Each structure stands twice: as structure tokens, then as C-alpha cells.
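Novice: Here you go, this is protein.txt (compact mmCIF, C-alpha atoms).
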# COMPACT_ATOMS: atom_id res chain seq x y z
CA MET A 1 0.00 0.00 0.00
CA ASP A 2 -7.89 -2.07 14.64
CA LEU A 3 -0.16 -5.37 18.61
CA THR A 4 2.48 -6.87 20.77
CA PRO A 5 3.21 -9.46 23.46
CA ASN A 6 5.48 -8.33 26.32
CA PRO A 7 8.42 -10.58 27.27
CA ALA A 8 8.00 -12.27 30.61
CA THR A 9 9.96 -10.83 33.50
CA ALA A 10 12.00 -13.08 35.75
CA GLY A 11 10.41 -13.95 39.03
CA ARG A 12 12.00 -14.12 42.48
CA PRO A 13 14.00 -17.32 43.04
CA PHE A 14 12.17 -20.03 44.96
CA VAL A 15 14.51 -21.72 47.41
CA THR A 16 13.67 -24.69 49.63
CA PHE A 17 15.64 -25.88 52.57
CA ALA A 18 15.77 -29.25 54.25
CA ARG A 19 14.17 -29.38 57.67
CA PRO A 20 16.58 -27.75 60.17
CA GLU A 21 18.50 -30.27 62.17
CA HIS A 22 17.40 -28.64 65.42
CA TYR A 23 13.66 -28.34 64.61
CA ASP A 24 11.35 -29.73 67.27
CA ASP A 25 8.07 -31.08 65.78
CA SER A 26 6.15 -30.33 68.96
CA THR A 27 6.69 -26.56 68.85
CA THR A 28 7.28 -23.70 66.40
CA ARG A 29 10.43 -22.63 68.15
CA LEU A 30 13.99 -23.50 67.24
CA ARG A 31 15.79 -24.73 70.30
CA PRO A 32 19.39 -25.80 70.74
CA ILE A 33 19.97 -29.51 71.12
CA GLY A 34 23.46 -30.64 71.80
CA THR A 35 26.33 -28.43 70.74
CA ARG A 36 25.93 -25.06 69.02
CA LEU A 37 26.76 -24.36 65.39
CA ARG A 38 30.41 -23.93 64.71
CA PRO A 39 31.54 -20.35 63.90
CA ARG A 40 32.37 -21.21 60.24
CA ALA A 41 28.95 -22.79 59.67
CA ALA A 42 27.24 -19.83 61.29
CA ALA A 43 29.10 -17.43 59.01
CA ALA A 44 28.09 -19.43 55.90
CA ALA A 45 24.46 -19.37 56.99
CA ALA A 46 24.61 -15.63 57.51
CA CYS A 47 26.05 -15.12 53.99
CA LEU A 48 23.27 -17.24 52.50
CA VAL A 49 20.59 -15.19 54.20
CA LEU A 50 22.26 -11.94 53.13
CA GLY A 51 22.54 -13.15 49.54
CA LEU A 52 18.87 -14.06 49.37
CA GLY A 53 18.00 -10.69 50.79
CA LEU A 54 19.99 -8.89 48.10
CA ILE A 55 18.41 -10.94 45.32
CA GLY A 56 14.96 -10.33 46.71
CA GLY A 57 15.67 -6.63 47.09
CA ALA A 58 16.84 -6.36 43.49
CA ALA A 59 13.71 -8.14 42.21
CA THR A 60 11.50 -5.92 44.34
CA GLY A 61 13.30 -2.84 43.09
CA THR A 62 12.65 -3.86 39.50
CA LEU A 63 8.93 -4.26 40.19
CA LEU A 64 8.70 -0.96 42.07
CA THR A 65 10.54 1.06 39.43
CA GLY A 66 8.68 -0.57 36.57
CA ASP A 67 11.87 -1.39 34.68
CA ASP A 68 10.51 -3.06 31.56
CA SER A 69 13.09 -2.10 28.96
CA GLY A 70 12.39 -5.21 26.90
CA ALA A 71 8.72 -4.26 26.49
CA ALA A 72 9.68 -0.70 25.56
CA VAL A 73 12.06 -1.92 22.85
CA SER A 74 9.36 -4.26 21.50
CA ALA A 75 6.80 -1.42 21.35
CA GLN A 76 9.27 0.85 19.55
CA SER A 77 10.06 -1.88 17.06
CA ALA A 78 6.37 -2.50 16.36
CA TYR A 79 5.81 1.25 15.87
CA ARG A 80 8.65 1.45 13.34
CA ASP A 81 7.54 -1.70 11.51
CA ALA A 82 4.02 -0.31 11.09
CA ALA A 83 5.33 2.64 9.09
CA ASP A 84 6.26 0.36 6.18
CA LEU A 85 3.08 -1.67 6.02
CA TRP A 86 1.48 0.52 3.36
CA HIS A 87 3.78 -0.89 0.66
CA ALA A 88 4.74 -4.23 2.25
CA THR A 89 1.27 -5.66 2.91
CA PRO A 90 -1.17 -6.98 0.27
CA VAL A 91 -4.24 -4.82 -0.17
CA ASP A 92 -6.54 -7.75 0.59
CA ARG A 93 -5.01 -8.00 4.05
CA LEU A 94 -5.43 -4.34 4.90
CA PHE A 95 -8.81 -4.05 3.16
CA PRO A 96 -10.36 -7.55 2.94
CA ARG A 97 -12.82 -8.16 0.14
CA THR A 98 -15.43 -9.04 2.76
CA LEU A 99 -15.71 -7.83 6.34
CA ASN A 100 -17.83 -9.75 8.83
CA GLY A 101 -19.43 -7.55 11.45
CA GLU A 102 -20.81 -9.98 14.00
CA GLY A 103 -22.91 -7.95 16.42
CA ALA A 104 -21.79 -4.69 14.80
CA GLY A 105 -25.21 -3.41 13.75
CA PRO A 106 -27.92 -1.62 15.73
CA GLY A 107 -29.16 -3.75 18.60
CA GLY A 108 -26.27 -6.16 18.13
CA ALA A 109 -27.38 -7.27 14.67
CA ASP A 110 -24.80 -8.90 12.42
CA ARG A 111 -23.39 -7.04 9.45
CA THR A 112 -21.48 -8.04 6.32
CA TRP A 113 -19.68 -5.53 4.13
CA THR A 114 -18.32 -6.05 0.64
CA ARG A 115 -15.45 -4.03 -0.80
CA ILE A 116 -16.44 -2.34 -4.05
CA GLY A 117 -13.33 -0.31 -4.76
CA VAL A 118 -9.81 0.55 -3.62
CA ALA A 119 -8.38 3.99 -4.31
CA PRO A 120 -4.85 4.31 -5.69
CA ASP A 121 -2.49 5.09 -2.81
CA SER A 122 -1.90 8.80 -2.70
CA GLY A 123 -1.04 11.83 -0.65
CA CYS A 124 -3.44 13.65 1.65
CA LYS A 125 -4.08 16.90 -0.19
CA ASP A 126 -7.70 16.27 -1.21
CA ALA A 127 -8.67 13.58 1.27
CA PHE A 128 -9.86 15.82 4.12
CA ASP A 129 -11.80 18.99 4.68
CA PRO A 130 -9.39 21.96 4.99
CA LEU A 131 -9.67 22.28 8.77
CA LEU A 132 -9.09 18.57 9.32
CA ARG A 133 -6.07 18.65 7.03
CA LYS A 134 -4.70 21.49 9.13
CA ALA A 135 -5.39 19.63 12.38
CA LEU A 136 -3.56 16.54 11.10
CA ARG A 137 -0.59 18.48 9.75
CA PRO A 138 1.65 17.85 12.82
CA ALA A 139 1.50 14.12 12.07
CA GLY A 140 2.72 14.51 8.50
CA CYS A 141 1.52 12.41 5.59
CA GLN A 142 3.56 9.51 4.29
CA ARG A 143 0.79 7.73 2.38
CA LEU A 144 -2.99 7.44 2.32
CA LEU A 145 -4.83 4.20 1.58
CA ARG A 146 -8.61 4.07 1.09
CA ALA A 147 -11.29 1.56 0.21
CA THR A 148 -15.07 1.79 -0.07
CA TYR A 149 -17.53 -0.86 1.11
CA THR A 150 -21.26 -1.43 0.80
CA ASP A 151 -23.54 -3.33 3.15
CA ALA A 152 -25.47 -6.50 2.29
CA THR A 153 -28.57 -4.51 1.31
CA GLN A 154 -26.51 -2.17 -0.90
CA SER A 155 -28.27 0.78 0.70
CA ASN A 156 -25.27 2.17 2.62
CA VAL A 157 -21.72 2.92 1.53
CA THR A 158 -18.64 3.56 3.66
CA THR A 159 -15.13 4.72 2.87
CA VAL A 160 -12.42 3.61 5.28
CA GLY A 161 -8.95 5.14 5.28
CA LEU A 162 -5.50 4.46 6.70
CA LEU A 163 -3.36 7.58 6.88
CA PHE A 164 0.27 6.53 7.40
CA THR A 165 1.98 9.45 9.09
CA THR A 166 5.61 10.48 9.59
CA ALA A 167 5.07 11.21 13.28
CA ASP A 168 7.11 9.68 16.09
CA ALA A 169 5.36 8.05 19.04
CA GLU A 170 5.37 11.17 21.23
CA THR A 171 3.86 13.30 18.47
CA ALA A 172 1.17 10.67 17.90
CA LYS A 173 0.28 10.66 21.61
CA SER A 174 0.07 14.43 21.69
CA LEU A 175 -2.13 14.51 18.59
CA ARG A 176 -4.44 11.85 19.96
CA THR A 177 -4.88 13.82 23.17
CA ARG A 178 -5.68 16.94 21.18
CA PHE A 179 -8.34 15.14 19.14
CA THR A 180 -10.00 13.27 22.00
CA GLU A 181 -9.85 15.88 24.74
CA GLY A 182 -10.43 18.79 22.37
CA GLY A 183 -13.34 17.07 20.64
CA LEU A 184 -11.81 17.45 17.17
CA ASP A 185 -12.93 13.95 16.25
CA ARG A 186 -16.56 15.01 16.71
CA ARG A 187 -16.66 18.29 14.81
CA ALA A 188 -18.69 18.33 11.60
CA ASP A 189 -16.30 20.84 10.02
CA LEU A 190 -13.40 18.40 10.33
CA LEU A 191 -14.49 15.51 8.14
CA PRO A 192 -12.65 12.96 6.02
CA ARG A 193 -13.83 12.77 2.44
CA PRO A 194 -15.30 9.65 0.83
CA TYR A 195 -13.92 7.74 -2.12
CA ALA A 196 -16.57 7.53 -4.86
CA VAL A 197 -16.17 4.42 -7.03
CA PRO A 198 -17.50 4.91 -10.58
CA GLY A 199 -20.06 2.36 -11.77
CA THR A 200 -20.86 1.13 -8.25
CA ASP A 201 -23.28 1.90 -5.41
CA ALA A 202 -20.77 4.52 -4.28
CA ALA A 203 -20.63 6.37 -7.60
CA HIS A 204 -22.40 9.39 -6.11
CA PHE A 205 -20.77 9.27 -2.69
CA GLY A 206 -19.48 12.83 -2.35
CA ASP A 207 -18.99 15.42 0.38
CA ALA A 208 -22.70 16.28 0.53
CA GLN A 209 -23.60 12.63 1.10
CA ARG A 210 -21.49 12.18 4.24
CA ALA A 211 -23.76 11.14 7.09
CA SER A 212 -21.60 9.71 9.89
CA TRP A 213 -17.90 9.28 10.60
CA THR A 214 -15.26 8.16 13.08
CA LEU A 215 -11.56 8.99 13.36
CA ASN A 216 -8.93 7.43 15.59
CA VAL A 217 -5.31 8.56 16.01
CA LEU A 218 -3.31 5.47 16.96
CA THR A 219 -0.43 5.71 19.41
CA ASP A 220 1.11 2.26 18.88
CA ALA A 221 1.49 2.76 15.12
CA PRO A 222 2.01 5.89 12.96
CA VAL A 223 -1.49 5.60 11.52
CA VAL A 224 -4.78 7.49 11.63
CA VAL A 225 -7.79 5.24 11.00
CA TYR A 226 -11.05 6.77 9.83
CA ALA A 227 -14.32 5.87 8.16
CA VAL A 228 -17.17 7.93 6.72
CA SER A 229 -20.56 6.54 5.70
CA GLY A 230 -23.56 7.66 3.66
CA PHE A 231 -26.60 6.53 1.70
CA ALA A 232 -26.02 4.61 -1.53
CA ASP A 233 -28.84 6.45 -3.31
CA GLY A 234 -26.86 9.69 -3.25
CA ARG A 235 -29.17 11.65 -0.96
CA THR A 236 -27.63 14.65 0.76
CA VAL A 237 -27.28 14.92 4.53
CA ALA A 238 -27.47 18.39 6.06
CA ASP A 239 -26.19 17.44 9.52
CA PRO A 240 -23.60 14.66 9.64
CA GLN A 241 -23.39 12.99 13.04
CA PRO A 242 -20.34 11.43 14.73
CA ALA A 243 -20.61 7.65 14.90
CA ALA A 244 -20.45 7.69 18.70
CA ASP A 245 -23.60 9.87 18.81
CA ALA A 246 -25.41 8.10 15.97
CA MET A 247 -24.95 4.76 17.76
CA LYS A 248 -26.76 5.85 20.91
CA THR A 249 -30.01 3.98 21.53
CA ASP A 250 -32.03 7.20 21.85
CA ALA A 251 -30.62 8.84 18.70
CA THR A 252 -33.36 9.83 16.23
CA THR A 253 -31.44 11.48 13.38
CA ALA A 254 -31.55 10.04 9.87
CA PRO A 255 -27.97 8.70 10.08
CA ALA A 256 -28.77 7.06 13.41
CA GLN A 257 -32.02 5.50 12.22
CA ALA A 258 -30.27 4.11 9.15
CA GLY A 259 -27.49 2.62 11.25
CA LEU A 260 -24.81 4.67 9.51
CA GLY A 261 -22.94 5.29 12.76
CA HIS A 262 -22.65 1.53 13.20
CA GLU A 263 -21.51 1.20 9.59
CA ALA A 264 -18.64 3.68 10.01
CA GLN A 265 -17.55 2.40 13.41
CA GLY A 266 -17.89 -1.27 12.54
CA ILE A 267 -15.81 -1.06 9.37
CA ALA A 268 -13.16 1.16 10.98
CA ASP A 269 -12.82 -1.23 13.92
CA ARG A 270 -12.28 -4.27 11.71
CA VAL A 271 -9.77 -2.60 9.42
CA GLU A 272 -7.90 -1.37 12.49
CA ARG A 273 -7.81 -4.91 13.91
CA GLY A 274 -6.42 -6.19 10.62
CA LEU A 275 -3.73 -3.51 10.71
CA ARG A 276 -2.69 -4.54 14.22
CA LYS A 277 -2.44 -8.18 13.16
CA ALA A 278 -0.24 -7.15 10.23
CA VAL A 279 1.99 -5.14 12.59
CA GLN A 280 2.29 -8.09 14.94
CA LYS A 281 3.21 -10.46 12.12
CA SER A 282 5.78 -8.03 10.75
CA THR A 283 7.37 -7.61 14.19
CA GLU A 284 7.57 -11.37 14.73
CA GLN A 285 9.29 -11.86 11.36
CA THR A 286 11.94 -9.22 12.06
CA SER A 287 12.59 -10.19 15.68
When written as C-alpha cells, how does the structure in this file appear?
Specialist:
Amino acid sequence: MDLTPNPATAGRPFVTFARPEHYDDSTTRLRPIGTRLRPRAAAAAACLVLGLGLIGGAATGTLLTGDDSGAAVSAQSAYRDAADLWHATPVDRLFPRTLNGEGAGPGGADRTWTRIGVAPDSGCKDAFDPLLRKALRPAGCQRLLRATYTDATQSNVTTVGLLFTTADAETAKSLRTRFTEGGLDRRADLLPRPYAVPGTDAAHFGDAQRASWTLNVLTDAPVVVYAVSGFADGRTVADPQPAADAMKTDATTAPAQAGLGHEAQGIADRVERGLRKAVQKSTEQTS
């Protein structure tokens, strides 16, 4: 062209001792019987206890300080590997021909979506409304991949996109915070644009037909995942509604009643999961 097991940390050594020679089964106390321990034996015992204490202290220190350098290296490796997936992964893996949405529809109904077109990979210039393009600018744009799906009834169409950024992990975290806490992912003036596929149900899927959308800035991969849905008959929608709002049980808008929030969110979730699986496989192959 929806991520990474942590290595297991070593546990504290488990040491067993034979029953002390001077242990009395009738009481919990240790009592001297016969001669006392020789000085050399006593010194060895003291060293053993001290050694165990140091080992235990080191293990405890690791747990308290959260030293997990192996996990950090693995996460960084996965993040870097994800940047190359746009040209190293087959399109059918990133955008499967069929997506199964078990329980993804309104009321937990099952959904099935069929891919009807894949856009040529491109830059980001015309893929977003101007304000959204400006908001995403700190992340940079390495490549944009898009595909459009239709539902089983061919009444709804949805474009899903994977924006591969040039951002490092810290920039991605900062951008995600800005979008989620600032509500940028819910503003109707910051919308991704659909990909209209000529000669299909999405032939008339333009800006005016956008009904619901979702956008997620990932922090474990340099990718922004989004989806935007609309009606296949080309009708215009005056007030697009974020998927999170359109999916509420008490929502009464046209996008909500048509299940278009579920369409956008369901497809975005499954494409994101596929991306994470591809990242995991890539990391395993290079490790």
C-alpha cells in the first residue's frame, strides 16, 4: 500500500531448605539440642541469608521502578515496523474483500460488508476537509490508503482510510490527546472525504452525502484510521453525526435511524484490527 506481546519478566528465586537439624516437631520454636553451630557454619548461613535478601531486594526494586526495557524496545520496534506496512502488505489484508461484522449493527445485529473499490495510494491533499487537514498536519503524511464498502442490502456505503503518518510516538500521543480531549474527532467541520467508485453503489458518494464518521489517532502505530458513511442512493445529509452519537439507543437522526454510525464504526474497527495483526506479524518476522 484495529499489537504486541510483552516478554515475561523473571520472578524471584524459589529456594527450599531441608528441615533444620534442630527443629522440634512439637513446637514452632527453634531450640538448641546438643552443641551449638560452629563459627564457620554460622558465618556461611549468615552469607546465605544476606545473599537471598539482596536478590529479593533487586527483584522488588525492579517491580517498584517498573523497569521493563524489553517491552519498551518491542513497542518501539512495532511502531517502526508499522510505518512500512502501506507498501509491504497486500491490499486484501489491509482491506479484505469481505468484512464480517458480527454484532456490529444496531441492537447487536450482524453485518457483512463487501469491498467495491480501492483507491490508488496517494497523498493527503484532497482527502480531508481543509480544517481537518490542518489539524492533522503535525503528524505529517507519508501515504494514504482508502477503500469503499457497501452493506449486504446495498443501501449504505462507507469509505475507510488508513493515513500513514511520519510522526514519532510522542507526536502521535500528543495529537491523539488533542483530538479526543479537544473534541476534534466530533466536529462536523473536520471531516474525512469519501472515495466515490465509478459504476458502483458509491458512484455518487461525495462530500454532501457524508452522514456519519469516526476517526482514531493510533499511538502504537504511525497511523490514523477513519471511516465515513452515507446513503447509496446519493441523498444529501445536512447534519452529519459522529458515529459515537449516531450509535446511541435514543438517537433519532436520519444517520442514526439508518445505522450509519454503526456502519462507520464497525468497518473502521475491523480494518484497524487487521492492521494490528499485520503489525504483529511483521514484528515477529523481524525479531
Novice: Choose the residue, out of A:Met247, A:Val217, A:Ala211, A:Ala258, that has the smallest atom-to-atom separation from Glu272 of chain A; count only C-alpha atoms.
Specialist: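 The closest residue to Glu272 of chain A is A:Val217.
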Novice: Please work out which residues fall within 10 Å of (-19.5, 8.7, 13.8), coordinates as given in the file, with all atoms listed in the file counting, and return them as a PyMOL selection string.
Specialist: chain A and resi 185-186+188+211-215+226-229+240-247+255-256+260-265
Novice: Applying 8 Å and only C-alpha atoms, which residues near segment 138-154 of chain A remain after dropping the ones on its own chain fewer than 4 positions away? List them as number ranges by chain.
Specialist: A: 1, 86, 95, 111-124, 158-167, 171-172, 175, 194-197, 201-202, 232
Novice: Let's have the selection written as a compact mmCIF listing (two decimals), in the frame of the given file, with C-alpha atoms.
Specialist:
# COMPACT_ATOMS: atom_id res chain seq x y z
CA MET A 1 0.00 0.00 0.00
CA TRP A 86 1.48 0.52 3.36
CA PHE A 95 -8.81 -4.05 3.16
CA ARG A 111 -23.39 -7.04 9.45
CA THR A 112 -21.48 -8.04 6.32
CA TRP A 113 -19.68 -5.53 4.13
CA THR A 114 -18.32 -6.05 0.64
CA ARG A 115 -15.45 -4.03 -0.80
CA ILE A 116 -16.44 -2.34 -4.05
CA GLY A 117 -13.33 -0.31 -4.76
CA VAL A 118 -9.81 0.55 -3.62
CA ALA A 119 -8.38 3.99 -4.31
CA PRO A 120 -4.85 4.31 -5.69
CA ASP A 121 -2.49 5.09 -2.81
CA SER A 122 -1.90 8.80 -2.70
CA GLY A 123 -1.04 11.83 -0.65
CA CYS A 124 -3.44 13.65 1.65
CA THR A 158 -18.64 3.56 3.66
CA THR A 159 -15.13 4.72 2.87
CA VAL A 160 -12.42 3.61 5.28
CA GLY A 161 -8.95 5.14 5.28
CA LEU A 162 -5.50 4.46 6.70
CA LEU A 163 -3.36 7.58 6.88
CA PHE A 164 0.27 6.53 7.40
CA THR A 165 1.98 9.45 9.09
CA THR A 166 5.61 10.48 9.59
CA ALA A 167 5.07 11.21 13.28
CA THR A 171 3.86 13.30 18.47
CA ALA A 172 1.17 10.67 17.90
CA LEU A 175 -2.13 14.51 18.59
CA PRO A 194 -15.30 9.65 0.83
CA TYR A 195 -13.92 7.74 -2.12
CA ALA A 196 -16.57 7.53 -4.86
CA VAL A 197 -16.17 4.42 -7.03
CA ASP A 201 -23.28 1.90 -5.41
CA ALA A 202 -20.77 4.52 -4.28
CA ALA A 232 -26.02 4.61 -1.53
Novice: Need the shell around Pro130 of chain A: protein/DNA/RNA residues with any atom at most 12 Å away, counting all atoms listed in the file. Skip same-chain ones fewer than 3 positions apart. Format as a PyMOL selection string?
Specialist: chain A and resi 124-127+133-137+188-193
Novice: Report the distance between atom CA of Leu94 of chain A and atom CA of Arg270 of chain A in Å, rounded to one decimal place.
Specialist: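 Atom CA of Arg270 of chain A lies at a distance of 9.7 Å from atom CA of Leu94 of chain A.
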Novice: For each of A:Pro198, A:Asp220, A:His87, A:Ala254, take the minimum atom-to-atom distance to Arg276 of chain A, counting all atoms listed in the file, then give the residue where this is smallest.
Specialist: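 Of all the options, A:Asp220 lies closest to Arg276 of chain A.
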Novice: Measure the distance from atom CA of Arg97 of chain A to atom CA of Leu275 of chain A in Å and round it to one decimal.
Specialist: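 Spanning atom CA of Arg97 of chain A to atom CA of Leu275 of chain A is a straight-line distance of 14.7 Å.
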Novice: What is the distance between atom CA of Asp233 of chain A and atom CA of Asn156 of chain A, in Å to one decimal?
Specialist: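 It comes out at 8.1 Å.
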Novice: Give me the residues within 12 Å of Gly108 of chain A as a PDB file with C-alpha atoms, keeping the file's coordinate frame, counting only C-alpha atoms and dropping any in the same chain fewer than 5 places off.
Specialist:
ATOM      1  CA  GLY A 101     -19.430  -7.550  11.450  1.00  0.00           C
ATOM      2  CA  GLU A 102     -20.810  -9.980  14.000  1.00  0.00           C
ATOM      3  CA  GLY A 103     -22.910  -7.950  16.420  1.00  0.00           C
ATOM      4  CA  MET A 247     -24.950   4.760  17.760  1.00  0.00           C
ATOM      5  CA  THR A 249     -30.010   3.980  21.530  1.00  0.00           C
ATOM      6  CA  GLY A 259     -27.490   2.620  11.250  1.00  0.00           C
ATOM      7  CA  HIS A 262     -22.650   1.530  13.200  1.00  0.00           C
ATOM      8  CA  GLY A 266     -17.890  -1.270  12.540  1.00  0.00           C
TER       9      GLY A 266
END
Novice: Missing atoms in segment 176-187 of chain A need filling: write out all heavy atoms for it as a short mmCIF file (atom, residue, chain, number, x, y, z; two decimals), keeping the file's coordinate frame.
Specialist:
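Output file result.cif is given in full below:
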data_model
loop_
_atom_site.label_atom_id
_atom_site.label_comp_id
_atom_site.auth_asym_id
_atom_site.auth_seq_id
_atom_site.Cartn_x
_atom_site.Cartn_y
_atom_site.Cartn_z
N ARG A 176 -3.27 12.59 19.49
CA ARG A 176 -4.44 11.85 19.96
C ARG A 176 -5.12 12.58 21.11
O ARG A 176 -6.35 12.71 21.14
CB ARG A 176 -4.05 10.43 20.39
CG ARG A 176 -5.24 9.64 20.94
CD ARG A 176 -4.83 8.25 21.39
NE ARG A 176 -5.94 7.55 22.00
CZ ARG A 176 -6.85 6.87 21.32
NH1 ARG A 176 -6.79 6.81 20.00
NH2 ARG A 176 -7.84 6.25 21.94
N THR A 177 -4.32 13.07 22.05
CA THR A 177 -4.88 13.82 23.17
C THR A 177 -5.62 15.06 22.69
O THR A 177 -6.71 15.38 23.17
CB THR A 177 -3.75 14.23 24.14
OG1 THR A 177 -3.12 13.06 24.67
CG2 THR A 177 -4.30 15.06 25.29
N ARG A 178 -5.04 15.73 21.72
CA ARG A 178 -5.68 16.94 21.18
C ARG A 178 -7.03 16.62 20.55
O ARG A 178 -8.00 17.34 20.73
CB ARG A 178 -4.75 17.60 20.16
CG ARG A 178 -5.30 18.91 19.62
CD ARG A 178 -4.40 19.48 18.55
NE ARG A 178 -4.98 20.70 17.98
CZ ARG A 178 -4.64 21.21 16.82
NH1 ARG A 178 -3.70 20.62 16.09
NH2 ARG A 178 -5.21 22.31 16.37
N PHE A 179 -7.09 15.50 19.81
CA PHE A 179 -8.34 15.14 19.14
C PHE A 179 -9.40 14.67 20.13
O PHE A 179 -10.56 15.06 20.03
CB PHE A 179 -8.07 14.04 18.10
CG PHE A 179 -7.85 14.58 16.72
CD1 PHE A 179 -6.63 15.16 16.38
CD2 PHE A 179 -8.85 14.55 15.76
CE1 PHE A 179 -6.40 15.67 15.11
CE2 PHE A 179 -8.64 15.06 14.49
CZ PHE A 179 -7.42 15.63 14.16
N THR A 180 -9.01 13.83 21.08
CA THR A 180 -10.00 13.27 22.00
C THR A 180 -10.45 14.28 23.05
O THR A 180 -11.65 14.45 23.29
CB THR A 180 -9.44 12.02 22.67
OG1 THR A 180 -8.20 12.33 23.34
CG2 THR A 180 -9.20 10.92 21.66
N GLU A 181 -9.49 14.94 23.69
CA GLU A 181 -9.85 15.88 24.74
C GLU A 181 -10.39 17.19 24.19
O GLU A 181 -11.20 17.86 24.83
CB GLU A 181 -8.64 16.14 25.65
CG GLU A 181 -8.17 14.91 26.41
CD GLU A 181 -7.06 15.21 27.39
OE1 GLU A 181 -6.66 16.40 27.50
OE2 GLU A 181 -6.58 14.26 28.04
N GLY A 182 -9.95 17.55 22.99
CA GLY A 182 -10.43 18.79 22.37
C GLY A 182 -11.68 18.59 21.53
O GLY A 182 -12.24 19.57 21.02
N GLY A 183 -12.12 17.34 21.39
CA GLY A 183 -13.34 17.07 20.64
C GLY A 183 -13.21 17.26 19.13
O GLY A 183 -14.23 17.38 18.43
N LEU A 184 -11.99 17.24 18.61
CA LEU A 184 -11.81 17.45 17.17
C LEU A 184 -12.36 16.29 16.35
O LEU A 184 -12.71 16.47 15.18
CB LEU A 184 -10.32 17.65 16.86
CG LEU A 184 -9.62 18.83 17.54
CD1 LEU A 184 -8.20 18.97 17.00
CD2 LEU A 184 -10.39 20.12 17.36
N ASP A 185 -12.42 15.12 16.97
CA ASP A 185 -12.93 13.95 16.25
C ASP A 185 -14.45 13.92 16.17
O ASP A 185 -15.03 12.98 15.62
CB ASP A 185 -12.42 12.66 16.90
CG ASP A 185 -12.75 12.60 18.38
OD1 ASP A 185 -13.16 13.63 18.96
OD2 ASP A 185 -12.61 11.50 18.97
N ARG A 186 -15.10 14.96 16.71
CA ARG A 186 -16.56 15.01 16.71
C ARG A 186 -17.11 16.24 15.99
O ARG A 186 -18.32 16.42 15.91
CB ARG A 186 -17.08 14.99 18.15
CG ARG A 186 -16.60 13.79 18.96
CD ARG A 186 -16.93 13.96 20.44
NE ARG A 186 -18.36 13.96 20.67
CZ ARG A 186 -19.07 12.86 20.87
NH1 ARG A 186 -18.47 11.67 20.87
NH2 ARG A 186 -20.36 12.92 21.09
N ARG A 187 -16.22 17.05 15.46
CA ARG A 187 -16.66 18.29 14.81
C ARG A 187 -17.02 18.05 13.35
O ARG A 187 -16.26 17.45 12.59
CB ARG A 187 -15.55 19.35 14.91
CG ARG A 187 -15.45 19.97 16.28
CD ARG A 187 -14.30 20.96 16.40
NE ARG A 187 -14.21 21.88 15.26
CZ ARG A 187 -13.34 22.89 15.23
NH1 ARG A 187 -12.52 23.11 16.26
NH2 ARG A 187 -13.29 23.68 14.18
#
